[in-house]
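Colleague: protein-v1.cif is reproduced below (mmCIF, C-alpha atoms).
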data_work
#
loop_
_atom_site.label_atom_id
_atom_site.label_comp_id
_atom_site.auth_asym_id
_atom_site.auth_seq_id
_atom_site.Cartn_x
_atom_site.Cartn_y
_atom_site.Cartn_z
CA MET A 6 3.13 39.89 11.43
CA ASN A 7 5.35 38.32 8.81
CA ASP A 8 5.17 34.58 8.04
CA ALA A 9 7.81 33.60 10.61
CA ALA A 10 6.19 35.65 13.36
CA THR A 11 2.78 34.13 12.59
CA HIS A 12 4.15 30.60 12.34
CA PHE A 13 6.16 30.81 15.55
CA ALA A 14 3.63 32.72 17.66
CA SER A 15 3.82 31.78 21.32
CA SER A 16 0.48 33.11 22.56
CA GLN A 17 -1.33 30.53 24.64
CA GLY A 18 -4.67 30.46 22.85
CA GLY A 19 -5.90 27.24 24.42
CA THR A 20 -5.24 24.63 27.07
CA PRO A 21 -3.11 21.55 26.28
CA ALA A 22 -5.36 18.47 26.24
CA ASP A 23 -2.42 16.15 26.90
CA VAL A 24 1.31 16.24 27.67
CA GLY A 25 4.04 16.05 25.05
CA LYS A 26 6.07 12.85 24.78
CA TYR A 27 9.34 11.64 23.33
CA VAL A 28 9.20 8.21 21.68
CA ASP A 29 12.09 5.92 20.78
CA ARG A 30 11.15 3.91 17.69
CA THR A 31 13.54 1.10 18.48
CA ALA A 32 11.75 0.53 21.79
CA ILE A 33 8.30 0.12 20.25
CA GLU A 34 7.27 -3.51 20.12
CA ALA A 35 6.81 -4.49 16.46
CA ALA A 36 3.72 -6.49 15.52
CA GLU A 37 3.90 -8.70 12.43
CA ILE A 38 0.44 -8.18 10.98
CA LEU A 39 1.11 -10.20 7.81
CA PRO A 40 4.17 -12.28 6.85
CA GLY A 41 7.14 -9.92 6.52
CA LEU A 42 5.05 -6.82 7.34
CA ARG A 43 5.59 -5.19 10.75
CA PHE A 44 3.91 -2.21 12.42
CA GLN A 45 5.29 0.11 15.11
CA PRO A 46 2.58 2.69 15.88
CA VAL A 47 2.89 5.91 17.90
CA ILE A 48 -0.38 7.32 19.18
CA GLY A 49 -1.27 11.00 19.30
CA THR A 50 -4.67 12.47 20.07
CA ASN A 51 -6.40 12.83 16.72
CA ALA A 52 -3.36 11.61 14.79
CA LEU A 53 -1.29 8.45 14.67
CA LEU A 54 2.11 7.71 13.16
CA ASN A 55 2.94 4.15 12.13
CA PHE A 56 6.35 2.80 11.10
CA VAL A 57 5.84 0.00 8.57
CA SER A 58 8.70 -2.33 7.70
CA TYR A 59 8.54 -4.68 4.74
CA GLU A 60 10.83 -7.63 4.24
CA PRO A 61 11.58 -8.44 0.59
CA HIS A 62 8.55 -9.89 -1.21
CA SER A 63 5.96 -8.80 1.34
CA GLU A 64 2.70 -6.96 0.80
CA ALA A 65 0.20 -4.50 2.26
CA PRO A 66 -2.88 -5.59 0.29
CA LEU A 67 -5.07 -3.13 -1.58
CA HIS A 68 -7.46 -1.56 0.95
CA THR A 69 -9.54 1.51 1.79
CA HIS A 70 -10.39 3.37 5.01
CA GLU A 71 -12.09 6.51 6.17
CA GLU A 72 -8.92 8.02 7.70
CA GLU A 73 -6.73 10.38 5.69
CA GLN A 74 -3.20 9.00 5.24
CA ILE A 75 0.14 10.48 4.18
CA VAL A 76 2.91 7.98 3.36
CA LEU A 77 6.65 8.76 3.46
CA VAL A 78 9.30 6.25 2.38
CA LEU A 79 12.33 6.26 4.71
CA GLU A 80 14.52 3.39 3.44
CA GLY A 81 14.63 0.95 0.53
CA GLU A 82 12.19 0.62 -2.32
CA LEU A 83 8.40 0.30 -2.35
CA HIS A 84 6.05 -0.59 -5.19
CA PHE A 85 3.00 1.54 -4.45
CA HIS A 86 -0.47 1.58 -5.94
CA VAL A 87 -3.00 4.36 -5.44
CA ASN A 88 -6.29 4.55 -7.27
CA GLY A 89 -4.98 2.63 -10.30
CA HIS A 90 -1.61 4.41 -10.53
CA ASP A 91 1.58 2.44 -9.81
CA ARG A 92 4.93 3.92 -8.88
CA VAL A 93 8.21 2.72 -7.38
CA LEU A 94 8.97 4.88 -4.34
CA ARG A 95 12.33 5.61 -2.75
CA PRO A 96 13.42 7.59 0.36
CA GLY A 97 11.83 11.05 0.44
CA ASP A 98 8.89 10.08 -1.79
CA VAL A 99 5.44 10.94 -0.44
CA VAL A 100 1.93 9.70 -1.23
CA VAL A 101 -1.19 11.58 -0.16
CA VAL A 102 -4.12 9.16 0.26
CA PRO A 103 -7.45 10.93 0.93
CA PRO A 104 -10.22 9.05 2.76
CA TRP A 105 -11.62 6.04 0.86
CA VAL A 106 -9.02 6.09 -1.92
CA PRO A 107 -7.89 2.48 -2.64
CA HIS A 108 -4.17 1.88 -2.09
CA GLY A 109 -1.68 -0.89 -1.42
CA ALA A 110 2.04 -1.64 -1.66
CA HIS A 111 4.56 -4.43 -1.94
CA THR A 112 8.30 -5.01 -2.04
CA LEU A 113 10.29 -7.10 -4.50
CA ASP A 114 13.95 -7.93 -3.73
CA VAL A 115 14.64 -4.76 -1.70
CA PRO A 116 13.18 -4.27 1.82
CA CYS A 117 11.50 -1.01 2.81
CA LEU A 118 10.82 1.17 5.83
CA GLN A 119 7.95 3.63 5.47
CA VAL A 120 6.11 5.86 7.89
CA ASP A 121 2.38 6.55 7.66
CA PHE A 122 0.54 9.45 9.25
CA PHE A 123 -3.17 9.02 9.85
CA THR A 124 -5.86 11.44 10.90
CA PRO A 125 -7.98 10.54 12.71
CA ALA A 126 -5.99 7.74 14.34
CA ARG A 127 -6.77 4.34 12.74
CA GLU A 128 -8.61 2.23 15.29
CA THR A 129 -6.74 -0.99 14.48
CA LEU A 130 -3.44 0.80 15.17
CA ARG A 131 -4.68 2.71 18.23
CA ARG A 132 -5.23 -0.58 20.01
CA GLN A 133 -1.70 -1.78 19.19
CA ALA A 134 -0.18 1.60 20.08
CA ILE A 135 -1.83 1.72 23.48
CA ALA A 136 -0.45 -1.72 24.25
CA ALA A 137 3.05 -1.02 22.90
CA ILE A 138 3.87 2.49 24.07
CA PRO A 139 4.55 2.35 27.84
CA GLY A 140 8.15 1.19 27.48
CA SER A 141 8.96 3.33 24.49
CA SER A 142 8.03 6.86 25.53
CA VAL A 143 8.85 9.53 28.07
CA GLN A 144 5.99 11.81 29.01
CA CYS A 145 6.81 15.48 29.45
CA SER A 146 4.31 16.70 32.03
CA MET B 291 -12.16 -10.75 11.21
CA ASN B 292 -8.62 -10.93 12.51
CA ASP B 293 -6.47 -7.78 12.82
CA ALA B 294 -5.02 -8.02 9.31
CA ALA B 295 -8.42 -8.56 7.72
CA THR B 296 -9.85 -5.58 9.62
CA HIS B 297 -6.88 -3.36 8.86
CA PHE B 298 -6.80 -4.21 5.16
CA ALA B 299 -10.55 -4.23 4.52
CA SER B 300 -11.39 -3.08 1.01
CA SER B 301 -15.08 -2.31 1.43
CA GLN B 302 -15.93 1.07 -0.04
CA GLY B 303 -17.66 2.68 2.93
CA GLY B 304 -17.51 6.23 1.61
CA THR B 305 -16.72 8.39 -1.39
CA PRO B 306 -13.19 9.76 -1.90
CA ALA B 307 -13.23 13.53 -1.32
CA ASP B 308 -10.12 14.02 -3.42
CA VAL B 309 -7.68 12.08 -5.63
CA GLY B 310 -4.47 10.51 -4.39
CA LYS B 311 -1.17 12.08 -5.34
CA TYR B 312 2.50 11.20 -5.52
CA VAL B 313 4.86 13.96 -4.37
CA ASP B 314 8.59 14.25 -5.03
CA ARG B 315 10.19 16.07 -2.10
CA THR B 316 13.14 17.26 -4.11
CA ALA B 317 10.77 19.10 -6.48
CA ILE B 318 9.01 21.07 -3.71
CA GLU B 319 10.21 24.65 -3.64
CA ALA B 320 11.87 25.25 -0.25
CA ALA B 321 10.99 28.46 1.61
CA GLU B 322 13.56 29.85 4.07
CA ILE B 323 11.29 31.05 6.86
CA LEU B 324 14.15 32.03 9.21
CA PRO B 325 17.91 32.05 8.57
CA GLY B 326 19.02 28.45 7.94
CA LEU B 327 15.50 27.04 8.45
CA ARG B 328 13.66 25.79 5.33
CA PHE B 329 10.15 24.38 4.87
CA GLN B 330 8.86 22.03 2.17
CA PRO B 331 5.17 21.39 2.88
CA VAL B 332 2.90 18.75 1.33
CA ILE B 333 -0.81 19.43 1.66
CA GLY B 334 -3.47 16.85 2.35
CA THR B 335 -7.10 17.50 3.23
CA ASN B 336 -7.23 17.69 7.01
CA ALA B 337 -3.52 16.89 7.37
CA LEU B 338 -0.27 18.44 6.26
CA LEU B 339 3.26 17.07 6.16
CA ASN B 340 6.19 19.50 6.31
CA PHE B 341 9.87 18.72 5.70
CA VAL B 342 11.99 21.04 7.84
CA SER B 343 15.70 21.39 7.18
CA TYR B 344 18.03 23.09 9.64
CA GLU B 345 21.49 24.30 8.80
CA PRO B 346 23.96 24.13 11.70
CA HIS B 347 23.18 26.73 14.38
CA SER B 348 19.65 27.49 13.26
CA GLU B 349 16.46 27.58 15.31
CA ALA B 350 12.72 27.01 15.30
CA PRO B 351 11.79 29.32 18.19
CA LEU B 352 9.61 28.17 21.09
CA HIS B 353 5.97 28.42 19.98
CA THR B 354 2.47 27.03 20.43
CA HIS B 355 -0.46 26.31 18.10
CA GLU B 356 -3.86 24.69 18.12
CA GLU B 357 -2.91 21.95 15.63
CA GLU B 358 -1.70 18.57 16.85
CA GLN B 359 1.86 17.81 15.65
CA ILE B 360 4.00 14.69 15.42
CA VAL B 361 7.72 15.22 14.73
CA LEU B 362 10.07 12.62 13.22
CA VAL B 363 13.80 13.21 12.80
CA LEU B 364 15.11 11.88 9.46
CA GLU B 365 18.76 12.99 9.38
CA GLY B 366 21.32 14.62 11.65
CA GLU B 367 20.83 15.84 15.19
CA LEU B 368 18.18 18.10 16.73
CA HIS B 369 18.04 19.73 20.15
CA PHE B 370 14.35 19.63 20.97
CA HIS B 371 12.34 21.25 23.74
CA VAL B 372 8.80 20.29 24.66
CA ASN B 373 7.00 21.64 27.69
CA GLY B 374 10.21 22.20 29.66
CA HIS B 375 11.87 18.89 28.71
CA ASP B 376 15.00 18.97 26.53
CA ARG B 377 16.35 16.06 24.49
CA VAL B 378 18.82 15.53 21.65
CA LEU B 379 17.01 13.69 18.86
CA ARG B 380 18.48 11.51 16.14
CA PRO B 381 16.99 9.67 13.12
CA GLY B 382 13.95 7.60 14.11
CA ASP B 383 13.18 9.68 17.21
CA VAL B 384 9.60 10.94 17.50
CA VAL B 385 7.96 13.73 19.50
CA VAL B 386 4.21 13.92 20.03
CA VAL B 387 3.11 17.55 20.55
CA PRO B 388 -0.57 17.90 21.52
CA PRO B 389 -2.40 21.16 20.75
CA TRP B 390 -1.09 24.20 22.67
CA VAL B 391 1.96 22.45 24.14
CA PRO B 392 5.00 24.80 23.88
CA HIS B 393 7.86 23.42 21.80
CA GLY B 394 10.91 24.52 19.84
CA ALA B 395 14.18 23.16 18.45
CA HIS B 396 17.65 24.13 17.33
CA THR B 397 20.78 22.65 15.84
CA LEU B 398 24.35 23.06 17.01
CA ASP B 399 27.22 21.93 14.71
CA VAL B 400 25.23 19.14 12.98
CA PRO B 401 22.45 19.94 10.45
CA CYS B 402 19.07 18.20 10.63
CA LEU B 403 16.20 17.09 8.45
CA GLN B 404 12.91 16.49 10.25
CA VAL B 405 9.38 15.88 9.07
CA ASP B 406 6.33 17.26 10.87
CA PHE B 407 2.82 15.99 10.53
CA PHE B 408 -0.02 18.35 11.46
CA THR B 409 -3.73 17.85 11.89
CA PRO B 410 -5.57 19.95 11.00
CA ALA B 411 -3.25 21.46 8.38
CA ARG B 412 -1.40 24.54 9.72
CA GLU B 413 -2.71 27.59 7.90
CA THR B 414 0.72 29.22 7.47
CA LEU B 415 1.96 26.05 5.74
CA ARG B 416 -1.22 25.48 3.70
CA ARG B 417 -0.61 28.74 1.89
CA GLN B 418 2.98 27.79 1.06
CA ALA B 419 1.97 24.25 0.06
CA ILE B 420 -0.71 25.44 -2.34
CA ALA B 421 1.82 27.71 -4.03
CA ALA B 422 4.61 25.11 -4.14
CA ILE B 423 2.92 21.88 -5.09
CA PRO B 424 1.96 22.08 -8.81
CA GLY B 425 5.41 21.14 -10.09
CA SER B 426 6.11 18.55 -7.44
CA SER B 427 3.14 16.19 -7.57
CA VAL B 428 1.32 13.81 -9.89
CA GLN B 429 -2.41 13.51 -9.28
CA CYS B 430 -3.90 10.05 -9.57
CA SER B 431 -7.46 10.64 -10.72
#
Represent the structure contained in this file as structure tokens.
Modeller:
Amino acid sequence: MNDAATHFASSQGGTPADVGKYVDRTAIEAAEILPGLRFQPVIGTNALLNFVSYEPHSEAPLHTHEEEQIVLVLEGELHFHVNGHDRVLRPGDVVVVPPWVPHGAHTLDVPCLQVDFFTPARETLRRQAIAAIPGSSVQCS
Amino acid sequence: MNDAATHFASSQGGTPADVGKYVDRTAIEAAEILPGLRFQPVIGTNALLNFVSYEPHSEAPLHTHEEEQIVLVLEGELHFHVNGHDRVLRPGDVVVVPPWVPHGAHTLDVPCLQVDFFTPARETLRRQAIAAIPGSSVQCS
């Protein structure tokens, strides 16, 4: 098979463990975890997506965790720090953060919307996602 | 600890398996896998992010795979199908696609930019990502 045929194969090689779901971000209850920093998580099975909004002059402090994380900036401007390297990120910029790599971020005068993907799902966000999701998603069973 | 203290803990509970990296999406070589459908993958360890751009009237055919997938629409308009349920998605809309759940998408007159997050990394995209990434990322070791 060529790449497209391999990528878009439709053979049913396993059984779905869950149903698909559509989620409306604007309907997810936002939790302000620190001043000016709000989370809107979407829970998967072994993955979790989290929308993070920063008001100007807010901060996600330097931290580490066992989950792998990929960061994507959606709006605004974010001052990011990973493993001693600083960079100002703008929409379309990505950061790959392997397990246990120290990272943090803050805004200055410009707000920011970023999305984080975690695998496995971060436990602190799983709890919020389970509480927040009923009104924000449509299950496709 | 409260939620913020737990979430932003900085204890070093493990050893980083890899270095962090910054990736510039515009520098990732885009591969046209089907007419009007282009991929720009970013590889992690057990995760992979893929930017997917659709020209008007292009299609990602219905397919299934063992990897879990979370879809986020970034720009434009996407006609999505998951497990028999159709919806028109716009920026900020999310779809959670568990392993082996059939899904596909197409555009009509409006183009679309979406981002997919996979865990584990999809093998077809890993190969492309490994080939494409050297010029598009800065490793933070």
Colleague: Would you mind listing, for every residue of chain B within 6 Å of chain A, the two atoms forming the shortest contact and the distance between them in Å to one decimal, using all atoms listed in the file, sorted by chain and ascending residue number, as JSON lines?
Modeller:
{"residue": "B:Ala294", "atom": "CA", "partner": "A:Ile38", "partner_atom": "CA", "distance": 5.7}
{"residue": "B:Phe298", "atom": "CA", "partner": "A:His68", "partner_atom": "CA", "distance": 5.0}
{"residue": "B:Ala299", "atom": "CA", "partner": "A:His68", "partner_atom": "CA", "distance": 5.4}
{"residue": "B:Ser300", "atom": "CA", "partner": "A:His68", "partner_atom": "CA", "distance": 4.2}
{"residue": "B:Gly304", "atom": "CA", "partner": "A:Trp105", "partner_atom": "CA", "distance": 5.9}
{"residue": "B:Pro306", "atom": "CA", "partner": "A:Trp105", "partner_atom": "CA", "distance": 4.9}
{"residue": "B:Asp308", "atom": "CA", "partner": "A:Pro103", "partner_atom": "CA", "distance": 6.0}
{"residue": "B:Gly310", "atom": "CA", "partner": "A:Val102", "partner_atom": "CA", "distance": 4.9}
{"residue": "B:Lys311", "atom": "CA", "partner": "A:Val101", "partner_atom": "CA", "distance": 5.2}
{"residue": "B:Tyr312", "atom": "CA", "partner": "A:Val100", "partner_atom": "CA", "distance": 4.6}
{"residue": "B:Val313", "atom": "CA", "partner": "A:Val99", "partner_atom": "CA", "distance": 5.0}
{"residue": "B:Asp314", "atom": "CA", "partner": "A:Asp98", "partner_atom": "CA", "distance": 5.3}
{"residue": "B:Arg315", "atom": "CA", "partner": "A:Gly97", "partner_atom": "CA", "distance": 5.9}
{"residue": "B:Ile323", "atom": "CA", "partner": "A:Ala9", "partner_atom": "CA", "distance": 5.7}
{"residue": "B:His353", "atom": "CA", "partner": "A:Ser15", "partner_atom": "CA", "distance": 4.2}
{"residue": "B:Thr354", "atom": "CA", "partner": "A:Ser15", "partner_atom": "CA", "distance": 5.0}
{"residue": "B:Gly382", "atom": "CA", "partner": "A:Arg30", "partner_atom": "CA", "distance": 5.9}
{"residue": "B:Asp383", "atom": "CA", "partner": "A:Asp29", "partner_atom": "CA", "distance": 5.3}
{"residue": "B:Val384", "atom": "CA", "partner": "A:Val28", "partner_atom": "CA", "distance": 5.0}
{"residue": "B:Val385", "atom": "CA", "partner": "A:Tyr27", "partner_atom": "CA", "distance": 4.6}
{"residue": "B:Val386", "atom": "CA", "partner": "A:Lys26", "partner_atom": "CA", "distance": 5.2}
{"residue": "B:Val387", "atom": "CA", "partner": "A:Gly25", "partner_atom": "CA", "distance": 4.8}
{"residue": "B:Pro388", "atom": "CA", "partner": "A:Asp23", "partner_atom": "CA", "distance": 6.0}
{"residue": "B:Pro389", "atom": "CA", "partner": "A:Pro21", "partner_atom": "CA", "distance": 5.6}
{"residue": "B:Trp390", "atom": "CA", "partner": "A:Pro21", "partner_atom": "CA", "distance": 4.9}
{"residue": "B:Val391", "atom": "CA", "partner": "A:Pro21", "partner_atom": "CA", "distance": 5.6}
Colleague: In Å, with one decimal, what is the gap from atom CA of Pro46 of chain A to atom CA of Tyr59 of chain A?
Modeller: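 Result for atom CA of Pro46 of chain A versus atom CA of Tyr59 of chain A: 14.6 Å, one decimal.
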Colleague: Just how far from atom CA of Pro325 of chain B is atom CA of Thr397 of chain B, in Å to one decimal?
Modeller: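 Those two atoms sit 12.2 Å apart.
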Colleague: Spell out the residues picked by the PyMOL selection byres ((chain B and resi 367) around 7) here, as a VMD selection string.
Modeller: chain B and resid 365 to 366 368 to 369 378 to 380 397 400 to 402
Colleague: Please dump the current selection as a compact mmCIF listing (two decimals), in the frame of the given file; keep C-alpha atoms.
Modeller:
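Saved the output as part.txt:
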# COMPACT_ATOMS: atom_id res chain seq x y z
CA GLU B 365 18.76 12.99 9.38
CA GLY B 366 21.32 14.62 11.65
CA LEU B 368 18.18 18.10 16.73
CA HIS B 369 18.04 19.73 20.15
CA VAL B 378 18.82 15.53 21.65
CA LEU B 379 17.01 13.69 18.86
CA ARG B 380 18.48 11.51 16.14
CA THR B 397 20.78 22.65 15.84
CA VAL B 400 25.23 19.14 12.98
CA PRO B 401 22.45 19.94 10.45
CA CYS B 402 19.07 18.20 10.63
Colleague: Atom CA of Leu118 of chain A and atom CA of Glu345 of chain B, how far apart in Å?
Modeller: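 Computed distance, atom CA of Glu345 of chain B to atom CA of Leu118 of chain A, equals 25.6 Å.
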Colleague: Using the chain letters and numbering of this document, enumerate as a count of residues only the residues selected by the PyMOL selection byres ((chain B and resi 319) around 7).
Modeller: 6
